[in-house]
Amino acid sequence: MIDVSKYHGTGNDFIVVDADHPVASRRRFAIDHCDRTDGISGATGPTGADGVLFLALEPAFDPPRVIMTLVQPDGSVASMCGNGARCAAAWAADRTDRDEVMIDTPAGTRRATVGDESVTIEMGTPRFDPAFVPLARDDPMVEEPLCGLTVTAVDTGVPHAVAFVDDVDAVDLAAVAPDVRHHEVFPEGANVTLASAHPDGGFRQRTFERGVEGETRSCGTGAVAIAAVARRVGRVEDDRLTVRPPGGDLTVSFEGEVASLSGPVVHEFDTELSAAHARHA
Ligand SMILES: N[C@H](CCC[C@H](N)C(=O)O)C(=O)O
């Protein structure tokens with residue numbers, strides 16, 4: 001058994017594992033323990049999770065660094081996760097007593113700042129170039145019809161197909177998302193993110209995630225994707241926007257074209273999990 005923690009960022013929830021602990025098969029560990037019916041349990045029973053964050057803390061750096069690897073419930077590895085990176089920063093801040101942490105991800109190194117009420121992570125520059133998303137074509141996809149939605153494709157560390165609709169709750173996301181998520185124009189697949197204008201400003205959000213293969217309560221790269229697309233297509237000019245997924249409000253801000261993501265992080269509980277899976281299972 002190994003010690004683990006459970007965290008969530010606006011309802012996007014993760015099992016956090018110190019990478020020093022021996023886990024024979026990270027893939028098997030994520031598939032088993034993320035399961036919503038018989039995965040990781042808290043005081044009130046099984047919770048499961050949207051993914052496992054394996055975190056290697058390097059406290060000697062200034063600021064401390066964390067190498068973050070997100071393994072998803074289907075066993076795949078995602079190159080970036082906005083809410084996961086915010087949880088990783090809170091975990092590292094607890095261990096180092098520092099409020100600034102660098103998170104190393106396959107999408108790049110991102111600075112995180114841990115405050116009392118919220119954790120902010122730099123998210124880099126959203127990219128529309130087909131080579132970045134990636135798209136299996138030479139032109140960016142901006143407000144094009146795709147599987148019944150009007151889609152703009154953007155890379156915010158992972159690929160998002162963003163569609164603005166009148167009311168995010170009026171869309172049967174589970175029904176419409178899989179065709180977009182698996183469309184041949186996205187050679188690595190895509191997360192499918194819906195947005196609609198909120199009466200108090202900003203946007204409501206719903207995201208169907210690749211790797212979870214379902215809707216999550218929040219998605220940080222998706223929130224940044226909505227803000228980036230809204231600016232690109234001229235829906236807003238703001239440098240600071242509230243994006244509201246079902247699990248709680250996120251703030252996306254821009255300095256020039258570089259985005260940051262802020263919102264609360266909650267340490268839910270600590271427990272122990274079995275890590276004794278066959279290496280290649
Ligand atoms: N929930 C995450 C995104 C995970 C990325 C993943 N679903 C993929 O692209 O495979 C976030 O807060 O940004």
# chains A, B, ... in the order shown; residues from 1 in each chain; ligands from 1
$ residues_around --residues "region 135-148 of chain A" --least-positions-apart "5" --cutoff "7 Å" --atoms "only C-alpha atoms" --output "PyMOL selection string"
chain A and resi 128-130+153+179-180+185-187
$ closest_atom_pairs --of "region 31-60 of chain A" --to "region 67-86 of chain A" --cutoff "12 Å" --atoms "only C-alpha atoms" --output "JSON lines"
{"residue": "A:Ile31", "atom": "CA", "partner": "A:Pro73", "partner_atom": "CA", "distance": 4.8}
{"residue": "A:Asp32", "atom": "CA", "partner": "A:Pro73", "partner_atom": "CA", "distance": 7.9}
{"residue": "A:His33", "atom": "CA", "partner": "A:Pro73", "partner_atom": "CA", "distance": 8.2}
{"residue": "A:Cys34", "atom": "CA", "partner": "A:Pro73", "partner_atom": "CA", "distance": 5.5}
{"residue": "A:Asp35", "atom": "CA", "partner": "A:Pro73", "partner_atom": "CA", "distance": 7.2}
{"residue": "A:Arg36", "atom": "CA", "partner": "A:Pro73", "partner_atom": "CA", "distance": 9.8}
{"residue": "A:Gly39", "atom": "CA", "partner": "A:Pro73", "partner_atom": "CA", "distance": 10.3}
{"residue": "A:Gly48", "atom": "CA", "partner": "A:Pro73", "partner_atom": "CA", "distance": 9.2}
{"residue": "A:Ala49", "atom": "CA", "partner": "A:Pro73", "partner_atom": "CA", "distance": 7.7}
{"residue": "A:Asp50", "atom": "CA", "partner": "A:Pro73", "partner_atom": "CA", "distance": 6.3}
{"residue": "A:Gly51", "atom": "CA", "partner": "A:Gln72", "partner_atom": "CA", "distance": 4.4}
{"residue": "A:Val52", "atom": "CA", "partner": "A:Val71", "partner_atom": "CA", "distance": 5.2}
{"residue": "A:Leu53", "atom": "CA", "partner": "A:Leu70", "partner_atom": "CA", "distance": 4.7}
{"residue": "A:Phe54", "atom": "CA", "partner": "A:Thr69", "partner_atom": "CA", "distance": 5.1}
{"residue": "A:Leu55", "atom": "CA", "partner": "A:Met68", "partner_atom": "CA", "distance": 4.9}
{"residue": "A:Ala56", "atom": "CA", "partner": "A:Ile67", "partner_atom": "CA", "distance": 5.0}
{"residue": "A:Leu57", "atom": "CA", "partner": "A:Ile67", "partner_atom": "CA", "distance": 6.6}
{"residue": "A:Glu58", "atom": "CA", "partner": "A:Ile67", "partner_atom": "CA", "distance": 8.0}
{"residue": "A:Pro59", "atom": "CA", "partner": "A:Ile67", "partner_atom": "CA", "distance": 11.1}
$ write_last_selection --atoms "N, CA, C and O atoms" --output "compact mmCIF listing (two decimals), in the first residue's frame"
# COMPACT_ATOMS: atom_id res chain seq x y z
N ILE A 31 -6.37 3.22 -14.02
CA ILE A 31 -7.62 2.58 -14.47
C ILE A 31 -8.40 2.07 -13.26
O ILE A 31 -9.60 2.29 -13.13
N ASP A 32 -7.71 1.39 -12.34
CA ASP A 32 -8.41 0.78 -11.19
C ASP A 32 -8.90 1.83 -10.20
O ASP A 32 -10.05 1.80 -9.77
N HIS A 33 -8.03 2.75 -9.80
CA HIS A 33 -8.38 3.62 -8.67
C HIS A 33 -9.21 4.84 -9.08
O HIS A 33 -9.80 5.49 -8.22
N CYS A 34 -9.26 5.18 -10.38
CA CYS A 34 -10.13 6.29 -10.81
C CYS A 34 -11.58 5.84 -10.99
O CYS A 34 -12.47 6.70 -11.16
N ASP A 35 -11.83 4.56 -10.96
CA ASP A 35 -13.19 4.07 -11.19
C ASP A 35 -14.17 4.68 -10.18
O ASP A 35 -13.92 4.67 -8.98
N ARG A 36 -15.27 5.21 -10.70
CA ARG A 36 -16.23 5.93 -9.82
C ARG A 36 -17.01 5.01 -8.90
O ARG A 36 -17.53 5.45 -7.88
N GLY A 39 -13.35 2.53 -7.20
CA GLY A 39 -12.00 3.10 -7.11
C GLY A 39 -11.72 3.63 -5.72
O GLY A 39 -12.30 3.15 -4.73
N GLY A 48 -13.69 7.61 -6.68
CA GLY A 48 -13.02 7.59 -7.97
C GLY A 48 -12.36 8.93 -8.22
O GLY A 48 -12.22 9.76 -7.29
N ALA A 49 -11.93 9.18 -9.46
CA ALA A 49 -11.24 10.43 -9.77
C ALA A 49 -11.18 10.62 -11.29
O ALA A 49 -11.37 9.67 -12.05
N ASP A 50 -10.88 11.87 -11.69
CA ASP A 50 -10.70 12.19 -13.11
C ASP A 50 -9.29 11.88 -13.60
O ASP A 50 -9.00 12.06 -14.79
N GLY A 51 -8.39 11.46 -12.68
CA GLY A 51 -7.04 11.13 -13.11
C GLY A 51 -6.13 10.97 -11.91
O GLY A 51 -6.52 11.25 -10.77
N VAL A 52 -4.90 10.51 -12.19
CA VAL A 52 -3.87 10.39 -11.14
C VAL A 52 -2.73 11.32 -11.50
O VAL A 52 -2.22 11.29 -12.64
N LEU A 53 -2.33 12.16 -10.55
CA LEU A 53 -1.18 13.03 -10.73
C LEU A 53 0.00 12.39 -10.03
O LEU A 53 0.00 12.27 -8.79
N PHE A 54 0.99 11.93 -10.81
CA PHE A 54 2.24 11.44 -10.22
C PHE A 54 3.17 12.65 -10.16
O PHE A 54 3.48 13.25 -11.20
N LEU A 55 3.59 13.00 -8.94
CA LEU A 55 4.34 14.24 -8.75
C LEU A 55 5.72 13.96 -8.18
O LEU A 55 5.85 13.36 -7.10
N ALA A 56 6.75 14.39 -8.91
CA ALA A 56 8.14 14.26 -8.44
C ALA A 56 8.60 15.65 -8.00
O ALA A 56 8.80 16.54 -8.83
N LEU A 57 8.74 15.81 -6.68
CA LEU A 57 9.11 17.12 -6.12
C LEU A 57 10.63 17.25 -6.08
O LEU A 57 11.33 16.34 -5.62
N GLU A 58 11.11 18.38 -6.57
CA GLU A 58 12.55 18.67 -6.51
C GLU A 58 12.72 19.93 -5.69
O GLU A 58 12.78 21.05 -6.21
N PRO A 59 12.78 19.77 -4.34
CA PRO A 59 12.70 20.93 -3.43
C PRO A 59 13.96 21.78 -3.44
O PRO A 59 13.92 22.92 -2.96
$ select_by_dssp --residues "region 52-267 of chain A" --states "helix (DSSP H, G or I)" --output "PyMOL selection string"
chain A and resi 82-96+168-170+173-181+220-232
$ residues_near_ligand --ligand "ligand 1" --cutoff "7 Å" --atoms "only C-alpha atoms and all ligand atoms" --output "MDAnalysis selection string"
chainID A and resid 12 78 80:84 158:159 190:191 209:212 218:222
$ select_by_dssp --residues "region 31-251 of chain A" --states "strand (DSSP E)" --output "ChimeraX atom specification"
/A:41-42,45-46,52-58,65-71,77-78,100-105,108-114,119-124,144-146,149-155,159-164,191-197,203-209,214-216,240-244,250-251
$ atom_distance --atom1 "CA of Ala195 (chain A)" --atom2 "CA of Val168 (chain A)"
6.1 Å
$ closest_residue --among "A:Ile2, A:Ala30, A:Ala112, A:Ala107" --to "Ala92 (chain A)" --atoms "only C-alpha atoms"
A:Ala112
$ residues_around --residues "Arg232 (chain A)" --least-positions-apart "3" --cutoff "12 Å" --atoms "only C-alpha atoms" --output "ChimeraX atom specification"
/A:126-128,140-143,152-154,162,225-229,235-238,257
$ write_last_selection --atoms "all heavy atoms" --output "compact mmCIF listing (two decimals), in the first residue's frame"
# COMPACT_ATOMS: atom_id res chain seq x y z
N PRO A 126 -2.16 30.14 -25.92
CA PRO A 126 -3.02 29.24 -26.71
C PRO A 126 -2.67 29.34 -28.20
O PRO A 126 -2.39 30.44 -28.70
CB PRO A 126 -4.43 29.78 -26.44
CG PRO A 126 -4.31 30.50 -25.13
CD PRO A 126 -2.94 31.10 -25.14
N ARG A 127 -2.65 28.21 -28.88
CA ARG A 127 -2.23 28.16 -30.28
C ARG A 127 -3.34 27.62 -31.17
O ARG A 127 -3.94 26.60 -30.83
CB ARG A 127 -1.03 27.23 -30.45
CG ARG A 127 0.11 27.51 -29.52
CD ARG A 127 1.10 28.43 -30.17
NE ARG A 127 2.22 28.64 -29.25
CZ ARG A 127 3.13 29.58 -29.42
NH1 ARG A 127 3.06 30.39 -30.46
NH2 ARG A 127 4.11 29.72 -28.57
N PHE A 128 -3.53 28.27 -32.28
CA PHE A 128 -4.55 27.85 -33.25
C PHE A 128 -3.91 27.14 -34.45
O PHE A 128 -4.61 26.54 -35.24
CB PHE A 128 -5.37 29.06 -33.72
CG PHE A 128 -6.16 29.69 -32.60
CD1 PHE A 128 -5.59 30.65 -31.77
CD2 PHE A 128 -7.46 29.28 -32.34
CE1 PHE A 128 -6.31 31.21 -30.72
CE2 PHE A 128 -8.19 29.83 -31.29
CZ PHE A 128 -7.60 30.80 -30.48
N PRO A 140 -5.94 26.68 -39.94
CA PRO A 140 -6.60 26.66 -38.64
C PRO A 140 -8.10 26.39 -38.81
O PRO A 140 -8.67 26.68 -39.87
CB PRO A 140 -6.38 28.08 -38.10
CG PRO A 140 -5.26 28.65 -38.89
CD PRO A 140 -5.27 27.97 -40.22
N MET A 141 -8.72 25.84 -37.81
CA MET A 141 -10.18 25.63 -37.85
C MET A 141 -10.82 26.69 -36.95
O MET A 141 -10.66 26.67 -35.74
CB MET A 141 -10.53 24.23 -37.34
CG MET A 141 -12.03 23.96 -37.34
SD MET A 141 -12.43 22.35 -36.63
CE MET A 141 -11.83 21.29 -37.91
N VAL A 142 -11.48 27.66 -37.56
CA VAL A 142 -12.11 28.75 -36.81
C VAL A 142 -13.58 28.82 -37.20
O VAL A 142 -13.90 29.07 -38.37
CB VAL A 142 -11.40 30.10 -37.08
CG1 VAL A 142 -12.07 31.22 -36.28
CG2 VAL A 142 -9.92 30.02 -36.71
N GLU A 143 -14.43 28.56 -36.24
CA GLU A 143 -15.89 28.61 -36.42
C GLU A 143 -16.34 27.87 -37.68
O GLU A 143 -16.95 28.44 -38.57
CB GLU A 143 -16.36 30.06 -36.43
CG GLU A 143 -15.98 30.75 -35.12
CD GLU A 143 -16.96 31.81 -34.69
OE1 GLU A 143 -17.08 32.81 -35.42
OE2 GLU A 143 -17.60 31.64 -33.64
N THR A 152 -14.17 25.81 -33.11
CA THR A 152 -12.84 26.40 -33.26
C THR A 152 -11.86 25.50 -32.52
O THR A 152 -12.11 25.12 -31.37
CB THR A 152 -12.80 27.82 -32.68
OG1 THR A 152 -13.76 28.63 -33.37
CG2 THR A 152 -11.42 28.45 -32.85
N ALA A 153 -10.77 25.14 -33.18
CA ALA A 153 -9.79 24.21 -32.61
C ALA A 153 -8.61 24.98 -32.04
O ALA A 153 -8.03 25.81 -32.73
CB ALA A 153 -9.32 23.23 -33.68
N VAL A 154 -8.26 24.68 -30.79
CA VAL A 154 -7.18 25.41 -30.13
C VAL A 154 -6.39 24.46 -29.24
O VAL A 154 -6.96 23.52 -28.67
CB VAL A 154 -7.75 26.61 -29.32
CG1 VAL A 154 -8.68 26.15 -28.21
CG2 VAL A 154 -6.64 27.49 -28.76
N VAL A 162 -13.74 23.87 -29.44
CA VAL A 162 -14.61 24.78 -28.68
C VAL A 162 -15.80 25.18 -29.54
O VAL A 162 -15.63 25.57 -30.70
CB VAL A 162 -13.83 26.04 -28.26
CG1 VAL A 162 -14.75 27.03 -27.55
CG2 VAL A 162 -12.65 25.67 -27.36
N ALA A 225 -9.24 27.64 -23.11
CA ALA A 225 -9.61 27.51 -24.53
C ALA A 225 -10.81 28.41 -24.85
O ALA A 225 -10.83 29.09 -25.88
CB ALA A 225 -9.92 26.05 -24.86
N ILE A 226 -11.82 28.41 -23.97
CA ILE A 226 -13.00 29.27 -24.20
C ILE A 226 -12.58 30.74 -24.27
O ILE A 226 -12.98 31.48 -25.18
CB ILE A 226 -14.04 29.07 -23.07
CG1 ILE A 226 -14.69 27.68 -23.20
CG2 ILE A 226 -15.11 30.17 -23.10
CD1 ILE A 226 -15.58 27.30 -22.02
N ALA A 227 -11.77 31.16 -23.30
CA ALA A 227 -11.35 32.57 -23.27
C ALA A 227 -10.54 32.92 -24.52
O ALA A 227 -10.74 33.98 -25.13
CB ALA A 227 -10.54 32.83 -22.00
N ALA A 228 -9.64 32.02 -24.92
CA ALA A 228 -8.79 32.29 -26.09
C ALA A 228 -9.62 32.37 -27.36
O ALA A 228 -9.41 33.24 -28.21
CB ALA A 228 -7.72 31.20 -26.21
N VAL A 229 -10.59 31.45 -27.49
CA VAL A 229 -11.42 31.45 -28.70
C VAL A 229 -12.33 32.68 -28.69
O VAL A 229 -12.51 33.34 -29.73
CB VAL A 229 -12.24 30.15 -28.81
CG1 VAL A 229 -13.24 30.23 -29.96
CG2 VAL A 229 -11.31 28.95 -29.00
N ARG A 235 -15.61 37.84 -29.65
CA ARG A 235 -16.75 37.88 -28.73
C ARG A 235 -16.46 38.76 -27.52
O ARG A 235 -17.36 39.31 -26.91
CB ARG A 235 -17.08 36.47 -28.21
CG ARG A 235 -17.85 35.64 -29.20
CD ARG A 235 -18.08 34.24 -28.68
NE ARG A 235 -18.78 33.47 -29.68
CZ ARG A 235 -20.12 33.37 -29.75
NH1 ARG A 235 -20.88 33.96 -28.85
NH2 ARG A 235 -20.67 32.69 -30.71
N VAL A 236 -15.20 38.83 -27.11
CA VAL A 236 -14.79 39.67 -25.98
C VAL A 236 -13.43 40.27 -26.29
O VAL A 236 -12.68 39.76 -27.13
CB VAL A 236 -14.65 38.86 -24.66
CG1 VAL A 236 -15.99 38.37 -24.16
CG2 VAL A 236 -13.66 37.72 -24.82
N GLU A 237 -13.13 41.35 -25.55
CA GLU A 237 -11.79 41.91 -25.66
C GLU A 237 -11.09 41.88 -24.32
O GLU A 237 -9.93 42.28 -24.20
CB GLU A 237 -11.88 43.35 -26.18
CG GLU A 237 -12.22 43.39 -27.66
CD GLU A 237 -12.45 44.79 -28.17
OE1 GLU A 237 -12.24 45.74 -27.39
OE2 GLU A 237 -12.82 44.91 -29.35
N ASP A 238 -11.83 41.40 -23.29
CA ASP A 238 -11.31 41.46 -21.92
C ASP A 238 -10.01 40.69 -21.75
O ASP A 238 -9.81 39.65 -22.34
CB ASP A 238 -12.32 40.84 -20.94
CG ASP A 238 -13.73 41.34 -21.19
OD1 ASP A 238 -14.19 41.26 -22.35
OD2 ASP A 238 -14.36 41.77 -20.23
N GLU A 257 -0.59 37.67 -24.98
CA GLU A 257 -1.29 36.44 -25.39
C GLU A 257 -1.09 35.31 -24.39
O GLU A 257 -1.60 34.21 -24.59
CB GLU A 257 -0.81 36.00 -26.79
CG GLU A 257 -1.19 36.97 -27.91
CD GLU A 257 -2.69 37.29 -27.90
OE1 GLU A 257 -3.51 36.36 -27.86
OE2 GLU A 257 -3.03 38.49 -27.92
$ closest_atom_pairs --of "region 79-173 of chain A" --to "region 15-23 of chain A" --cutoff "9 Å" --atoms "only C-alpha atoms" --output "CSV"
residue,atom,partner,partner_atom,distance
A:Cys87,CA,A:Val16,CA,8.4
A:Ala88,CA,A:Val16,CA,7.7
A:Trp91,CA,A:Val16,CA,8.2
$ write_last_selection --atoms "N, CA and C atoms" --output "CSV table (one decimal), in the first residue's frame"
chain,number,residue,atom,x,y,z
A,87,CYS,N,-3.7,21.7,-8.5
A,87,CYS,CA,-3.7,20.8,-7.4
A,87,CYS,C,-2.2,20.4,-7.1
A,88,ALA,N,-1.4,20.2,-8.1
A,88,ALA,CA,0.0,19.8,-7.9
A,88,ALA,C,0.7,20.9,-7.2
A,91,TRP,N,-0.3,20.9,-3.5
A,91,TRP,CA,0.4,19.8,-2.8
A,91,TRP,C,1.9,20.1,-2.5
$ residues_around --residues "region 269-271 of chain A" --least-positions-apart "5" --cutoff "8 Å" --atoms "only C-alpha atoms" --output "number ranges by chain"
A: 3-7, 42
$ closest_residue --among "A:Val133, A:Arg206, A:Gly248, A:Arg240" --to "Thr156 (chain A)" --atoms "only C-alpha atoms"
A:Val133
$ atom_distance --atom1 "CA of Val101 (chain A)" --atom2 "CA of Pro64 (chain A)"
5.2 Å
